[in-house]
Amino acid sequence: MKRKKELIAEAANLRHLAESRIEELENQLKSAGERMKETERVLEETEESEKSKVVRGGAGKVGRAGVLAGLAKARVEELRTNLVEVRKQRDALSNQLKELETTLAALKEAYNPNFNDEGVKQAVRAWEDYAARDNEVVWEAAKDRDLDEISKPDDESSGINWVEWESGDDSTAGGAESILYSLSAYAPPFLRVWLDSRITSFRALLIESGILADNSDSSSSVESPAITTARSQRDSAKTSLTNTQNNLNNAKSDLEKDYGADDIFRALKDKCISKDSGEYTYELCFLGSTKQKPKKGGGDTTMGNFVSITSEHVDSDVDAEGKGLGVGERVVLKYENGQHCWNGPARSTVVVLGCSAQEEIWRISESEKCVYRMEVGTAAVCEPDDGKAAKRKGEKDEL
Ligand code: MAN
């Protein structure tokens, strides 16, 4: 009875610990839930802000539009250099022409028609015909200024801002959206930032109302590192929330489990005892499993896993040392669903408990194939009058 008292005190302590653990897990669950919400919010915000960056040039991915932009830029540059070259040639030729015209005009004025030089006369006549034609090329100064502008290399402030297009994602270059983006690209630089932010909100509105497809997170586009980090933090918060919830559920269901009167078997949980019998060593782990371990080596055979506490009326001997079940209602631990028996059921064990100062296996039998019975002593089932005489059924009620 002294040992039983110790077991009850230990069980109460373990129950107390289990209750504190539940309290701790409930707090953990609360903060895991908050962390989950927080990481979810960060992820949403990151996705939102990354979406707007797509407008300014995608997530670093060069799509078909980017390739085309590269080719177009090279082509424009080629045409621009040639335009500059041709204008240079034009100016040189124009100067040469002026020189010749001046020379011929001077010749016409200065030649002496009395010298019967047929070559000179022909040249003067041809010059007069030439001068009579409307040869005057009108060089419009305004047009030339346009050519000056056109001949300037492209950069952020003139022509096309190629950088913006070369890094562009295809998802931003198709269909209705391209209209939005080209609007911004052709706008003067100081207007672009403002216009982009307007376009981003407008685009979000179109996506929300289902008018525009949301290409920003399509599987083909590369996810930005910021989103990846936010997502992995959200995922680990989710895992931790699920784990905490599972631990709490397990702890709660353990507390509700039947550990017998006074919760006493809580103190014996996971305690194992064994005994040799025939070719095996038999092992019993309280509220765990029962096993056969071959003495000559080889694998263990599970004879059942603990399922419930019941009782059974017994009528057997108690030996000279007081070891035995005696007569009366005894506590029984049932173990089921052990290793399957060849041509038989899954192994199962009935563990009948009698009073004893120490936990010990008294007897093992196999009543039918693969159905085992263990008679086991433990202080957990001792009653105040156990030492006096073997009890008979019903006697306890009458006392
Ligand atoms: C093993 C042991 C025995 C059992 C037989 C059934 O030898 O588990 O207890 O009776 O298998 O085949």
# chains A, B, ... in the order shown; residues from 1 in each chain; ligands from 1
call {"tool": "residues_around", "arguments": {"residues": "Lys334 of chain A", "least_positions_apart": "2", "cutoff": "10 Å", "atoms": "only C-alpha atoms", "output": "MDAnalysis selection string"}}
result
chainID A and resid 287 289 304:311 331:332 336 348:352 373
call {"tool": "residues_near_ligand", "arguments": {"ligand": "ligand 1", "cutoff": "12 Å", "atoms": "only C-alpha atoms and all ligand atoms", "output": "MDAnalysis selection string"}}
result
chainID A and resid 277:282 290:294 298:304 338:349 364:373
call {"tool": "atom_distance", "arguments": {"atom1": "atom CA of Glu48 of chain A", "atom2": "atom CA of Ile211 of chain A"}}
result
18.1 Å
call {"tool": "residues_around", "arguments": {"residues": "Ser316 of chain A", "least_positions_apart": "6", "cutoff": "9 Å", "atoms": "only C-alpha atoms", "output": "list in words"}}
result
Gly324, Leu325, Gly326 and Val327 of chain A
call {"tool": "select_by_dssp", "arguments": {"residues": "segment 191-339 of chain A", "states": "strand (DSSP E)", "output": "ChimeraX atom specification"}}
result
/A:272-277,280-285,289-294,301-315,327-336
call {"tool": "residues_around", "arguments": {"residues": "Leu25 of chain A", "least_positions_apart": "2", "cutoff": "12 Å", "atoms": "only C-alpha atoms", "output": "VMD selection string"}}
result
chain A and resid 18 to 23 27 to 33 240 to 252
call {"tool": "closest_residue", "arguments": {"among": "A:Leu104, A:Leu7, A:Val137, A:Ala204", "to": "Lys51 of chain A", "atoms": "only C-alpha atoms"}}
result
A:Ala204
call {"tool": "atom_distance", "arguments": {"atom1": "atom CA of Val193 of chain A", "atom2": "atom CA of Ser224 of chain A"}}
result
21.6 Å
call {"tool": "residues_around", "arguments": {"residues": "Arg330 of chain A", "least_positions_apart": "5", "cutoff": "7 Å", "atoms": "only C-alpha atoms", "output": "count of residues only"}}
result
7
